[in-house]
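> This is input08.cif (mmCIF, C-alpha atoms (C1' of nucleotides)).
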data_protein
#
loop_
_atom_site.label_atom_id
_atom_site.label_comp_id
_atom_site.auth_asym_id
_atom_site.auth_seq_id
_atom_site.Cartn_x
_atom_site.Cartn_y
_atom_site.Cartn_z
CA MET A 1 -61.47 9.12 -92.52
CA SER A 2 -64.49 8.14 -90.50
CA LEU A 3 -66.97 5.92 -92.21
CA PRO A 4 -70.65 6.79 -91.80
CA ARG A 5 -73.01 4.40 -90.03
CA ASN A 6 -76.69 3.88 -90.53
CA THR A 7 -78.99 4.26 -87.58
CA LYS A 8 -82.79 4.19 -87.18
CA ALA A 9 -82.81 7.89 -86.37
CA LYS A 10 -80.74 8.80 -89.43
CA GLN A 11 -82.99 6.70 -91.66
CA ALA A 12 -86.12 8.21 -90.11
CA VAL A 13 -84.89 11.76 -90.79
CA LEU A 14 -83.88 10.89 -94.36
CA ASP A 15 -87.25 9.24 -94.98
CA GLU A 16 -89.11 12.35 -93.84
CA ILE A 17 -87.00 14.57 -96.10
CA ASN A 18 -87.54 12.27 -99.07
CA ARG A 19 -91.26 12.00 -98.37
CA SER A 20 -91.75 15.78 -98.28
CA THR A 21 -92.46 17.86 -101.37
CA TYR A 22 -90.79 20.91 -99.82
CA ALA A 23 -87.73 21.69 -97.72
CA LEU A 24 -88.06 21.06 -93.97
CA SER A 25 -86.46 22.87 -91.04
CA GLN A 26 -84.87 21.14 -88.07
CA PRO A 27 -87.86 21.94 -85.80
CA GLU A 28 -90.26 20.48 -88.37
CA LEU A 29 -88.13 17.39 -88.77
CA PHE A 30 -87.76 16.90 -85.04
CA GLU A 31 -91.54 17.09 -84.68
CA ARG A 32 -91.98 14.42 -87.36
CA VAL A 33 -89.48 11.93 -85.94
CA LYS A 34 -90.44 12.65 -82.33
CA GLY A 35 -89.74 9.72 -80.06
CA THR A 36 -87.02 8.41 -82.32
CA CYS A 37 -84.20 10.54 -80.96
CA ASP A 38 -83.11 13.70 -79.17
CA ARG A 39 -83.32 17.12 -80.87
CA VAL A 40 -79.54 17.50 -80.73
CA THR A 41 -79.24 14.24 -82.63
CA VAL A 42 -81.41 15.68 -85.41
CA TYR A 43 -78.96 18.56 -85.80
CA ARG A 44 -76.04 16.14 -85.96
CA ILE A 45 -77.82 13.83 -88.40
CA LEU A 46 -78.58 16.79 -90.69
CA ASP A 47 -74.94 17.89 -90.65
CA ARG A 48 -73.86 14.39 -91.56
CA LEU A 49 -76.42 13.96 -94.33
CA VAL A 50 -75.28 17.26 -95.85
CA ALA A 51 -71.62 16.18 -95.60
CA GLU A 52 -72.50 12.84 -97.22
CA ASN A 53 -74.24 14.69 -100.08
CA LYS A 54 -77.52 12.91 -99.32
CA ILE A 55 -79.46 16.14 -98.80
CA HIS A 56 -78.81 19.81 -99.16
CA ARG A 57 -79.28 22.88 -97.09
CA ILE A 58 -81.40 25.75 -98.41
CA VAL A 59 -81.51 29.16 -96.76
CA ASN A 60 -84.99 30.61 -96.68
CA VAL A 61 -85.56 34.30 -97.36
CA ASP A 62 -86.12 34.87 -93.64
CA GLY A 63 -82.79 33.26 -92.76
CA THR A 64 -84.10 29.91 -91.54
CA LEU A 65 -82.30 26.79 -92.70
CA ASN A 66 -84.20 24.08 -94.50
CA TYR A 67 -83.24 20.66 -95.77
CA ALA A 68 -84.29 18.97 -98.97
CA ALA A 69 -83.44 16.08 -101.23
CA CYS A 70 -83.55 17.51 -104.73
CA ASN A 71 -84.63 15.25 -107.56
CA GLN A 72 -81.74 16.44 -109.72
CA CYS A 73 -79.25 15.35 -107.11
CA ASP A 74 -80.87 11.95 -106.78
CA THR A 75 -80.88 11.12 -110.45
CA HIS A 76 -77.51 12.52 -111.43
CA ASN A 77 -75.78 11.65 -108.18
CA THR A 78 -74.26 15.11 -108.11
CA HIS A 79 -75.29 18.32 -106.45
CA ALA A 80 -76.76 20.77 -108.90
CA HIS A 81 -77.38 24.08 -107.26
CA ASP A 82 -77.92 26.17 -110.36
CA HIS A 83 -81.67 25.89 -110.25
CA LEU A 84 -84.35 28.01 -108.66
CA HIS A 85 -85.98 27.70 -105.28
CA PHE A 86 -89.37 29.17 -104.55
CA SER A 87 -90.06 30.46 -101.06
CA CYS A 88 -93.72 31.07 -100.23
CA LEU A 89 -94.28 34.04 -97.94
CA GLU A 90 -97.61 32.64 -96.81
CA CYS A 91 -97.08 28.98 -95.94
CA LYS A 92 -93.31 29.45 -95.52
CA LYS A 93 -92.65 26.35 -97.60
CA ILE A 94 -89.62 26.30 -99.85
CA GLU A 95 -89.44 24.06 -102.89
CA CYS A 96 -87.20 23.35 -105.86
CA LEU A 97 -88.18 24.60 -109.30
CA SER A 98 -85.79 22.30 -111.07
CA GLU A 99 -87.35 22.68 -114.48
CA GLN A 100 -86.77 26.43 -114.58
CA SER A 101 -83.59 27.63 -116.19
CA VAL A 102 -81.41 30.45 -114.96
CA HIS A 103 -78.77 32.29 -116.93
CA VAL A 104 -76.36 34.15 -114.73
CA GLN A 105 -73.55 36.21 -116.13
CA LEU A 106 -70.91 35.29 -113.59
CA PRO A 107 -68.65 38.03 -112.30
CA SER A 108 -64.94 37.89 -113.11
CA HIS A 109 -62.25 38.04 -110.40
CA TYR A 110 -64.59 36.18 -108.08
CA GLN A 111 -64.08 32.50 -107.27
CA ILE A 112 -67.52 30.91 -107.48
CA LYS A 113 -68.54 28.03 -105.24
CA GLU A 114 -72.32 27.87 -105.25
CA LEU A 115 -75.34 29.68 -106.64
CA PHE A 116 -78.28 30.50 -104.39
CA LEU A 117 -81.26 31.49 -106.47
CA THR A 118 -84.50 31.97 -104.60
CA ILE A 119 -87.73 33.66 -105.56
CA SER A 120 -90.11 34.78 -102.85
CA GLY A 121 -93.83 35.23 -103.37
CA ILE A 122 -97.06 33.28 -103.11
CA CYS A 123 -97.19 29.67 -104.27
CA PRO A 124 -100.10 28.29 -106.36
CA THR A 125 -101.58 26.46 -103.38
CA CYS A 126 -101.78 29.60 -101.25
CA GLN A 127 -103.24 31.59 -104.14
CA GLY A 128 -105.97 29.06 -104.64
CA GLY A 129 -109.34 30.66 -104.22
CA MET B 1 -100.66 55.89 -90.59
CA SER B 2 -97.80 56.71 -88.26
CA LEU B 3 -95.25 59.11 -89.61
CA PRO B 4 -91.60 58.22 -89.06
CA ARG B 5 -89.34 60.46 -86.97
CA ASN B 6 -85.66 61.06 -87.30
CA THR B 7 -83.49 60.37 -84.31
CA LYS B 8 -79.71 60.44 -83.74
CA ALA B 9 -79.68 56.66 -83.36
CA LYS B 10 -81.59 56.11 -86.60
CA GLN B 11 -79.31 58.52 -88.46
CA ALA B 12 -76.20 56.89 -86.97
CA VAL B 13 -77.31 53.43 -88.12
CA LEU B 14 -78.19 54.71 -91.59
CA ASP B 15 -74.83 56.51 -91.87
CA GLU B 16 -72.94 53.32 -91.03
CA ILE B 17 -74.89 51.37 -93.63
CA ASN B 18 -74.27 54.03 -96.28
CA ARG B 19 -70.60 54.28 -95.38
CA SER B 20 -70.01 50.53 -95.71
CA THR B 21 -69.10 48.86 -99.01
CA TYR B 22 -70.74 45.63 -97.93
CA ALA B 23 -73.87 44.53 -96.08
CA LEU B 24 -73.72 44.70 -92.28
CA SER B 25 -75.39 42.48 -89.66
CA GLN B 26 -77.18 43.78 -86.57
CA PRO B 27 -74.27 42.77 -84.28
CA GLU B 28 -71.80 44.60 -86.54
CA LEU B 29 -73.99 47.68 -86.65
CA PHE B 30 -74.55 47.67 -82.90
CA GLU B 31 -70.78 47.53 -82.40
CA ARG B 32 -70.29 50.51 -84.70
CA VAL B 33 -72.91 52.76 -83.12
CA LYS B 34 -72.09 51.60 -79.58
CA GLY B 35 -73.00 54.20 -76.98
CA THR B 36 -75.65 55.73 -79.20
CA CYS B 37 -78.45 53.38 -78.25
CA ASP B 38 -79.54 49.99 -76.92
CA ARG B 39 -79.17 46.82 -78.99
CA VAL B 40 -82.95 46.37 -79.09
CA THR B 41 -83.23 49.83 -80.60
CA VAL B 42 -80.89 48.79 -83.42
CA TYR B 43 -83.25 45.93 -84.29
CA ARG B 44 -86.22 48.29 -84.30
CA ILE B 45 -84.41 50.92 -86.35
CA LEU B 46 -83.45 48.28 -88.93
CA ASP B 47 -87.06 47.11 -89.19
CA ARG B 48 -88.20 50.69 -89.71
CA LEU B 49 -85.54 51.49 -92.30
CA VAL B 50 -86.53 48.39 -94.26
CA ALA B 51 -90.21 49.36 -94.03
CA GLU B 52 -89.37 52.88 -95.19
CA ASN B 53 -87.44 51.43 -98.16
CA LYS B 54 -84.25 53.18 -97.05
CA ILE B 55 -82.23 49.97 -96.85
CA HIS B 56 -82.79 46.35 -97.69
CA ARG B 57 -82.31 43.06 -95.99
CA ILE B 58 -80.05 40.44 -97.55
CA VAL B 59 -79.89 36.86 -96.33
CA ASN B 60 -76.38 35.49 -96.27
CA VAL B 61 -75.70 31.91 -97.39
CA ASP B 62 -75.28 30.89 -93.74
CA GLY B 63 -78.68 32.31 -92.79
CA THR B 64 -77.50 35.52 -91.12
CA LEU B 65 -79.37 38.70 -91.97
CA ASN B 66 -77.48 41.67 -93.35
CA TYR B 67 -78.49 45.19 -94.22
CA ALA B 68 -77.35 47.29 -97.14
CA ALA B 69 -78.18 50.43 -99.08
CA CYS B 70 -77.87 49.43 -102.71
CA ASN B 71 -76.72 52.04 -105.16
CA GLN B 72 -79.47 51.10 -107.57
CA CYS B 73 -82.12 51.83 -104.99
CA ASP B 74 -80.63 55.20 -104.16
CA THR B 75 -80.44 56.47 -107.71
CA HIS B 76 -83.74 55.18 -109.01
CA ASN B 77 -85.61 55.58 -105.75
CA THR B 78 -87.04 52.11 -106.21
CA HIS B 79 -86.03 48.75 -104.90
CA ALA B 80 -84.34 46.69 -107.56
CA HIS B 81 -83.74 43.20 -106.32
CA ASP B 82 -83.06 41.52 -109.63
CA HIS B 83 -79.30 41.84 -109.34
CA LEU B 84 -76.66 39.57 -107.87
CA HIS B 85 -75.20 39.48 -104.40
CA PHE B 86 -71.80 37.98 -103.71
CA SER B 87 -71.23 36.29 -100.37
CA CYS B 88 -67.58 35.62 -99.48
CA LEU B 89 -67.06 32.40 -97.54
CA GLU B 90 -63.79 33.67 -96.11
CA CYS B 91 -64.40 37.22 -94.83
CA LYS B 92 -68.19 36.66 -94.63
CA LYS B 93 -68.84 39.96 -96.35
CA ILE B 94 -71.77 40.26 -98.69
CA GLU B 95 -71.89 42.86 -101.44
CA CYS B 96 -74.03 43.89 -104.38
CA LEU B 97 -72.88 43.10 -107.90
CA SER B 98 -75.25 45.56 -109.47
CA GLU B 99 -73.53 45.62 -112.83
CA GLN B 100 -74.07 41.91 -113.41
CA SER B 101 -77.15 40.87 -115.29
CA VAL B 102 -79.33 37.92 -114.49
CA HIS B 103 -81.88 36.31 -116.75
CA VAL B 104 -84.35 34.22 -114.86
CA GLN B 105 -87.12 32.33 -116.57
CA LEU B 106 -89.86 33.01 -114.08
CA PRO B 107 -92.21 30.19 -113.18
CA SER B 108 -95.85 30.49 -114.12
CA HIS B 109 -98.67 30.06 -111.58
CA TYR B 110 -96.40 31.60 -108.96
CA GLN B 111 -96.89 35.16 -107.73
CA ILE B 112 -93.42 36.70 -107.63
CA LYS B 113 -92.47 39.28 -105.03
CA GLU B 114 -88.68 39.39 -104.88
CA LEU B 115 -85.65 37.70 -106.37
CA PHE B 116 -82.82 36.60 -104.12
CA LEU B 117 -79.79 35.84 -106.21
CA THR B 118 -76.63 35.16 -104.28
CA ILE B 119 -73.34 33.62 -105.31
CA SER B 120 -71.04 32.20 -102.66
CA GLY B 121 -67.29 31.87 -103.09
CA ILE B 122 -64.11 33.82 -102.45
CA CYS B 123 -63.99 37.55 -103.16
CA PRO B 124 -61.05 39.21 -104.97
CA THR B 125 -59.70 40.69 -101.73
CA CYS B 126 -59.52 37.31 -99.99
CA GLN B 127 -57.91 35.70 -103.05
CA GLY B 128 -55.20 38.34 -103.14
CA GLY B 129 -51.77 36.91 -102.63
"C1'" DT C 1 -94.24 75.80 -75.81
"C1'" DA C 2 -97.55 72.23 -74.80
"C1'" DA C 3 -99.55 67.91 -76.32
"C1'" DT C 4 -99.38 63.73 -78.92
"C1'" DT C 5 -97.29 59.62 -79.83
"C1'" DA C 6 -93.07 57.71 -82.01
"C1'" DA C 7 -88.93 56.04 -80.25
"C1'" DT C 8 -86.19 54.36 -76.51
"C1'" DG C 9 -84.14 51.55 -72.41
"C1'" DC C 10 -84.33 47.78 -69.72
"C1'" DA C 11 -85.42 43.32 -68.26
"C1'" DA C 12 -87.13 39.16 -69.42
"C1'" DC C 13 -88.03 35.90 -72.71
"C1'" DC C 14 -87.82 32.80 -76.96
"C1'" DT C 15 -85.96 29.97 -80.68
"C1'" DA C 16 -82.22 27.96 -83.22
"C1'" DG C 17 -78.17 26.00 -82.86
"C1'" DT C 18 -73.68 24.36 -80.25
"C1'" DT C 19 -70.60 22.00 -76.89
"C1'" DG C 20 -68.87 18.67 -73.48
"C1'" DC C 21 -69.00 14.39 -71.69
"C1'" DG C 22 -70.27 10.00 -70.28
"C1'" DT C 23 -73.00 6.06 -72.37
"C1'" DT C 24 -74.85 3.22 -76.08
"C1'" DT C 25 -74.65 1.07 -80.51
"C1'" DT C 26 -72.82 -0.01 -85.08
"C1'" DG C 27 -69.98 -2.49 -88.09
"C1'" DC C 28 -65.88 -4.86 -88.86
"C1'" DA C 29 -62.65 -8.30 -87.82
"C1'" DA C 30 -60.68 -11.94 -85.13
"C1'" DT D 1 -70.11 -15.14 -82.52
"C1'" DT D 2 -68.04 -12.32 -79.90
"C1'" DG D 3 -64.87 -8.45 -78.93
"C1'" DC D 4 -63.55 -3.93 -79.87
"C1'" DA D 5 -62.82 0.83 -81.75
"C1'" DA D 6 -65.10 4.66 -82.65
"C1'" DA D 7 -69.41 6.53 -84.54
"C1'" DA D 8 -73.60 7.94 -82.76
"C1'" DC D 9 -76.32 9.07 -78.97
"C1'" DG D 10 -78.74 11.50 -74.66
"C1'" DC D 11 -78.65 14.92 -71.54
"C1'" DA D 12 -77.57 19.19 -69.54
"C1'" DA D 13 -75.75 23.45 -70.05
"C1'" DC D 14 -74.62 27.14 -72.87
"C1'" DT D 15 -74.48 30.78 -76.72
"C1'" DA D 16 -76.25 33.92 -80.19
"C1'" DG D 17 -79.71 36.31 -82.58
"C1'" DG D 18 -83.86 38.16 -82.19
"C1'" DT D 19 -88.56 39.51 -79.76
"C1'" DT D 20 -91.92 41.41 -76.33
"C1'" DG D 21 -93.97 44.29 -72.61
"C1'" DC D 22 -94.01 48.31 -70.34
"C1'" DA D 23 -92.73 52.51 -68.30
"C1'" DT D 24 -89.99 56.64 -69.76
"C1'" DT D 25 -88.03 59.99 -73.04
"C1'" DA D 26 -88.00 62.91 -76.91
"C1'" DA D 27 -89.36 64.43 -81.90
"C1'" DT D 28 -92.81 66.79 -84.25
"C1'" DT D 29 -96.46 70.15 -85.36
"C1'" DA D 30 -100.25 72.84 -83.93
#
Output the structure of this file as structure tokens.


Amino acid sequence: MSLPRNTKAKQAVLDEINRSTYALSQPELFERVKGTCDRVTVYRILDRLVAENKIHRIVNVDGTLNYAACNQCDTHNTHAHDHLHFSCLECKKIECLSEQSVHVQLPSHYQIKELFLTISGICPTCQGG
Amino acid sequence: MSLPRNTKAKQAVLDEINRSTYALSQPELFERVKGTCDRVTVYRILDRLVAENKIHRIVNVDGTLNYAACNQCDTHNTHAHDHLHFSCLECKKIECLSEQSVHVQLPSHYQIKELFLTISGICPTCQGG
DNA sequence: TAATTAATGCAACCTAGTTGCGTTTTGCAA
DNA sequence: TTGCAAAACGCAACTAGGTTGCATTAATTA
């Protein structure tokens, strides 16, 4: 097995993800760490961070991939994917609604790996008037 | 308002979607109606069919977009998105699990538009052995 | 059956993500 | 502290999915 190494670029990407209140896409992340590394490196760093269970990948309702560090995962040191994500159609931000509970009657004969539960709509900030 | 027209290409795409037991991507659909029309036309037909509420768009867990005609929508002539989708990690097929119920405690202060509830794993067919 | 305009074909373009390869850097161990 | 293996990187080129502009074709309906 290969053992992961820490680099400035990797730390910079992880810092940005941790700092953000919503999930970030690769283009957004690259913009934020600009100057630190190449855009290809950002892709590779994200793959590694996901493999190391440091962050997780959320698919937005439009198909774009976003990356977030969920609070649940931080505190329990395990990936809990059985919570809701909210995807705002206006600002395009996607965030975890970890306090909301979901009860899914799982299908039989199917081997479950992960649950992807996303609600689309307008977030409180974008509704603000 | 512009009134939609029916063309052979549009009908061919819709037929393929109705015929299929799982959601199809644009590349898959283009392959199946090959010779009928250009690939750009398939994209435009899919956009129109979604706008006309004839089909709906499902995001796969890997971010690819797929198109399906759910049974629920056909029978009730309304788009019901509060049911589960199953996304197989092996054959990549995505299908509706319309008989399964989901109870989601909706968040307050958020304006809900649609629910995207997808389970990833291995489907019965791919487990078979 | 003629007129309106929705729908199409084609070429060019865009964005997200991947691959190959030679170079740099990290972390461990001598 | 220095040497070394391989993890990580930069760069260039490439691929796939999807979009746009515009001139042409064809579906409606009057």

> Exactly which residues make up the result of the PyMOL selection byres ((chain A) within 8 of (chain C)) on this file, given as a list in words?

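Written out, the selection comes to Arg5, Asn6 and Thr7 of chain A.
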
> Work out how far atom CA of Phe116 of chain A is from atom CA of Val59 of chain A, in Å to one decimal.

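According to the coordinates, atom CA of Val59 of chain A and atom CA of Phe116 of chain A are separated by 8.4 Å.
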
> Return the neighbours of chain A among the residues of chain B, cut-off 9 Å, counting all atoms listed in the file, as a PyMOL selection string.

chain B and resi 58-65+84+86+89+97+100-107+109-124+127

> Could you take the residues named above and write them with C-alpha atoms, as a PDB file, in the coordinates of the input?


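Once everything was written out, this is result-v9.pdb:
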ATOM      1  CA  ILE B  58     -80.050  40.440 -97.550  1.00  0.00           C
ATOM      2  CA  VAL B  59     -79.890  36.860 -96.330  1.00  0.00           C
ATOM      3  CA  ASN B  60     -76.380  35.490 -96.270  1.00  0.00           C
ATOM      4  CA  VAL B  61     -75.700  31.910 -97.390  1.00  0.00           C
ATOM      5  CA  ASP B  62     -75.280  30.890 -93.740  1.00  0.00           C
ATOM      6  CA  GLY B  63     -78.680  32.310 -92.790  1.00  0.00           C
ATOM      7  CA  THR B  64     -77.500  35.520 -91.120  1.00  0.00           C
ATOM      8  CA  LEU B  65     -79.370  38.700 -91.970  1.00  0.00           C
ATOM      9  CA  LEU B  84     -76.660  39.570-107.870  1.00  0.00           C
ATOM     10  CA  PHE B  86     -71.800  37.980-103.710  1.00  0.00           C
ATOM     11  CA  LEU B  89     -67.060  32.400 -97.540  1.00  0.00           C
ATOM     12  CA  LEU B  97     -72.880  43.100-107.900  1.00  0.00           C
ATOM     13  CA  GLN B 100     -74.070  41.910-113.410  1.00  0.00           C
ATOM     14  CA  SER B 101     -77.150  40.870-115.290  1.00  0.00           C
ATOM     15  CA  VAL B 102     -79.330  37.920-114.490  1.00  0.00           C
ATOM     16  CA  HIS B 103     -81.880  36.310-116.750  1.00  0.00           C
ATOM     17  CA  VAL B 104     -84.350  34.220-114.860  1.00  0.00           C
ATOM     18  CA  GLN B 105     -87.120  32.330-116.570  1.00  0.00           C
ATOM     19  CA  LEU B 106     -89.860  33.010-114.080  1.00  0.00           C
ATOM     20  CA  PRO B 107     -92.210  30.190-113.180  1.00  0.00           C
ATOM     21  CA  HIS B 109     -98.670  30.060-111.580  1.00  0.00           C
ATOM     22  CA  TYR B 110     -96.400  31.600-108.960  1.00  0.00           C
ATOM     23  CA  GLN B 111     -96.890  35.160-107.730  1.00  0.00           C
ATOM     24  CA  ILE B 112     -93.420  36.700-107.630  1.00  0.00           C
ATOM     25  CA  LYS B 113     -92.470  39.280-105.030  1.00  0.00           C
ATOM     26  CA  GLU B 114     -88.680  39.390-104.880  1.00  0.00           C
ATOM     27  CA  LEU B 115     -85.650  37.700-106.370  1.00  0.00           C
ATOM     28  CA  PHE B 116     -82.820  36.600-104.120  1.00  0.00           C
ATOM     29  CA  LEU B 117     -79.790  35.840-106.210  1.00  0.00           C
ATOM     30  CA  THR B 118     -76.630  35.160-104.280  1.00  0.00           C
ATOM     31  CA  ILE B 119     -73.340  33.620-105.310  1.00  0.00           C
ATOM     32  CA  SER B 120     -71.040  32.200-102.660  1.00  0.00           C
ATOM     33  CA  GLY B 121     -67.290  31.870-103.090  1.00  0.00           C
ATOM     34  CA  ILE B 122     -64.110  33.820-102.450  1.00  0.00           C
ATOM     35  CA  CYS B 123     -63.990  37.550-103.160  1.00  0.00           C
ATOM     36  CA  PRO B 124     -61.050  39.210-104.970  1.00  0.00           C
ATOM     37  CA  GLN B 127     -57.910  35.700-103.050  1.00  0.00           C
TER      38      GLN B 127
END

> Considering only C-alpha atoms (C1' of nucleotides), extract the chain D residues located within 7 Å of chain A and return them as JSON, numbers by chain.

{"D": [7, 9, 10]}

> So that I can see what lies close to Val50 of chain B, please list as a list in words the residues with an atom at most 12 Å from it, counting only C-alpha atoms (C1' of nucleotides) and leaving out residues fewer than 2 positions away in the same chain.

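Everything that qualifies: Lys10, Leu14, Tyr43, Arg44, Ile45, Leu46, Asp47, Arg48, Glu52, Asn53, Lys54, Ile55, His56, Arg57, Ile58, Asn66, Tyr67, Ala68, Ala69 and His79 of chain B.
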
> Mind fitting chain A to chain B by least squares on all Cα atoms in order and giving back the moved coordinates as a short mmCIF file (atom, residue, chain, number, x, y, z; two decimals) with C-alpha atoms, in the frame of the given file?


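What ended up in result09.cif:
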data_model
loop_
_atom_site.label_atom_id
_atom_site.label_comp_id
_atom_site.auth_asym_id
_atom_site.auth_seq_id
_atom_site.Cartn_x
_atom_site.Cartn_y
_atom_site.Cartn_z
CA MET A 1 -100.61 55.96 -90.50
CA SER A 2 -97.70 56.72 -88.24
CA LEU A 3 -95.19 59.17 -89.54
CA PRO A 4 -91.52 58.31 -89.08
CA ARG A 5 -89.28 60.49 -86.92
CA ASN A 6 -85.59 61.12 -87.19
CA THR A 7 -83.41 60.40 -84.21
CA LYS A 8 -79.64 60.48 -83.64
CA ALA A 9 -79.58 56.70 -83.30
CA LYS A 10 -81.50 56.16 -86.54
CA GLN A 11 -79.20 58.56 -88.39
CA ALA A 12 -76.11 56.91 -86.90
CA VAL A 13 -77.24 53.46 -88.08
CA LEU A 14 -78.11 54.76 -91.55
CA ASP A 15 -74.75 56.52 -91.81
CA GLU A 16 -72.88 53.32 -90.99
CA ILE A 17 -74.85 51.37 -93.60
CA ASN A 18 -74.23 54.04 -96.23
CA ARG A 19 -70.55 54.27 -95.34
CA SER A 20 -69.99 50.52 -95.71
CA THR A 21 -69.11 48.86 -99.00
CA TYR A 22 -70.78 45.61 -97.92
CA ALA A 23 -73.91 44.53 -96.07
CA LEU A 24 -73.75 44.68 -92.26
CA SER A 25 -75.44 42.49 -89.66
CA GLN A 26 -77.18 43.81 -86.57
CA PRO A 27 -74.28 42.77 -84.29
CA GLU A 28 -71.80 44.58 -86.54
CA LEU A 29 -73.97 47.66 -86.64
CA PHE A 30 -74.51 47.67 -82.90
CA GLU A 31 -70.74 47.49 -82.40
CA ARG A 32 -70.24 50.49 -84.70
CA VAL A 33 -72.85 52.74 -83.09
CA LYS A 34 -72.03 51.58 -79.56
CA GLY A 35 -72.88 54.19 -76.97
CA THR A 36 -75.53 55.74 -79.17
CA CYS A 37 -78.36 53.41 -78.21
CA ASP A 38 -79.46 50.03 -76.89
CA ARG A 39 -79.11 46.86 -78.99
CA VAL A 40 -82.89 46.41 -79.07
CA THR A 41 -83.17 49.88 -80.56
CA VAL A 42 -80.86 48.84 -83.40
CA TYR A 43 -83.23 45.99 -84.25
CA ARG A 44 -86.19 48.37 -84.24
CA ILE A 45 -84.36 51.00 -86.28
CA LEU A 46 -83.44 48.36 -88.89
CA ASP A 47 -87.06 47.22 -89.15
CA ARG A 48 -88.17 50.79 -89.66
CA LEU A 49 -85.50 51.60 -92.24
CA VAL A 50 -86.51 48.51 -94.21
CA ALA A 51 -90.20 49.49 -93.99
CA GLU A 52 -89.32 53.02 -95.14
CA ASN A 53 -87.43 51.58 -98.13
CA LYS A 54 -84.22 53.29 -97.00
CA ILE A 55 -82.24 50.05 -96.81
CA HIS A 56 -82.80 46.45 -97.66
CA ARG A 57 -82.35 43.15 -95.97
CA ILE A 58 -80.12 40.50 -97.55
CA VAL A 59 -80.02 36.91 -96.34
CA ASN A 60 -76.52 35.51 -96.29
CA VAL A 61 -75.84 31.94 -97.40
CA ASP A 62 -75.43 30.91 -93.76
CA GLY A 63 -78.82 32.35 -92.83
CA THR A 64 -77.63 35.54 -91.15
CA LEU A 65 -79.44 38.75 -91.98
CA ASN A 66 -77.53 41.70 -93.34
CA TYR A 67 -78.50 45.24 -94.21
CA ALA A 68 -77.35 47.33 -97.12
CA ALA A 69 -78.16 50.47 -99.03
CA CYS A 70 -77.88 49.50 -102.68
CA ASN A 71 -76.72 52.12 -105.15
CA GLN A 72 -79.49 51.17 -107.57
CA CYS A 73 -82.11 51.88 -104.96
CA ASP A 74 -80.58 55.24 -104.13
CA THR A 75 -80.43 56.53 -107.66
CA HIS A 76 -83.73 55.21 -108.96
CA ASN A 77 -85.61 55.64 -105.70
CA THR A 78 -87.06 52.18 -106.14
CA HIS A 79 -86.04 48.80 -104.85
CA ALA A 80 -84.42 46.70 -107.52
CA HIS A 81 -83.80 43.22 -106.29
CA ASP A 82 -83.09 41.55 -109.60
CA HIS A 83 -79.36 41.86 -109.29
CA LEU A 84 -76.70 39.60 -107.86
CA HIS A 85 -75.22 39.50 -104.40
CA PHE A 86 -71.84 38.00 -103.71
CA SER A 87 -71.27 36.29 -100.39
CA CYS A 88 -67.64 35.63 -99.48
CA LEU A 89 -67.11 32.40 -97.56
CA GLU A 90 -63.86 33.69 -96.12
CA CYS A 91 -64.50 37.21 -94.82
CA LYS A 92 -68.28 36.63 -94.63
CA LYS A 93 -68.91 39.96 -96.33
CA ILE A 94 -71.84 40.25 -98.68
CA GLU A 95 -71.94 42.86 -101.42
CA CYS A 96 -74.07 43.90 -104.37
CA LEU A 97 -72.92 43.12 -107.90
CA SER A 98 -75.28 45.59 -109.47
CA GLU A 99 -73.57 45.66 -112.83
CA GLN A 100 -74.07 41.95 -113.42
CA SER A 101 -77.15 40.92 -115.31
CA VAL A 102 -79.33 37.93 -114.54
CA HIS A 103 -81.84 36.32 -116.84
CA VAL A 104 -84.31 34.16 -115.00
CA GLN A 105 -87.02 32.26 -116.78
CA LEU A 106 -89.78 32.81 -114.26
CA PRO A 107 -92.03 29.89 -113.43
CA SER A 108 -95.71 30.08 -114.37
CA HIS A 109 -98.51 29.55 -111.83
CA TYR A 110 -96.30 31.14 -109.19
CA GLN A 111 -96.92 34.68 -107.95
CA ILE A 112 -93.51 36.33 -107.80
CA LYS A 113 -92.64 38.92 -105.17
CA GLU A 114 -88.87 39.13 -105.00
CA LEU A 115 -85.75 37.56 -106.47
CA PHE A 116 -82.90 36.50 -104.21
CA LEU A 117 -79.81 35.82 -106.27
CA THR A 118 -76.65 35.16 -104.33
CA ILE A 119 -73.34 33.65 -105.35
CA SER A 120 -71.06 32.23 -102.70
CA GLY A 121 -67.31 31.90 -103.11
CA ILE A 122 -64.14 33.85 -102.46
CA CYS A 123 -64.03 37.58 -103.15
CA PRO A 124 -61.06 39.25 -104.92
CA THR A 125 -59.74 40.71 -101.67
CA CYS A 126 -59.57 37.33 -99.95
CA GLN A 127 -57.95 35.74 -103.00
CA GLY A 128 -55.25 38.36 -103.06
CA GLY A 129 -51.87 36.76 -102.69
#
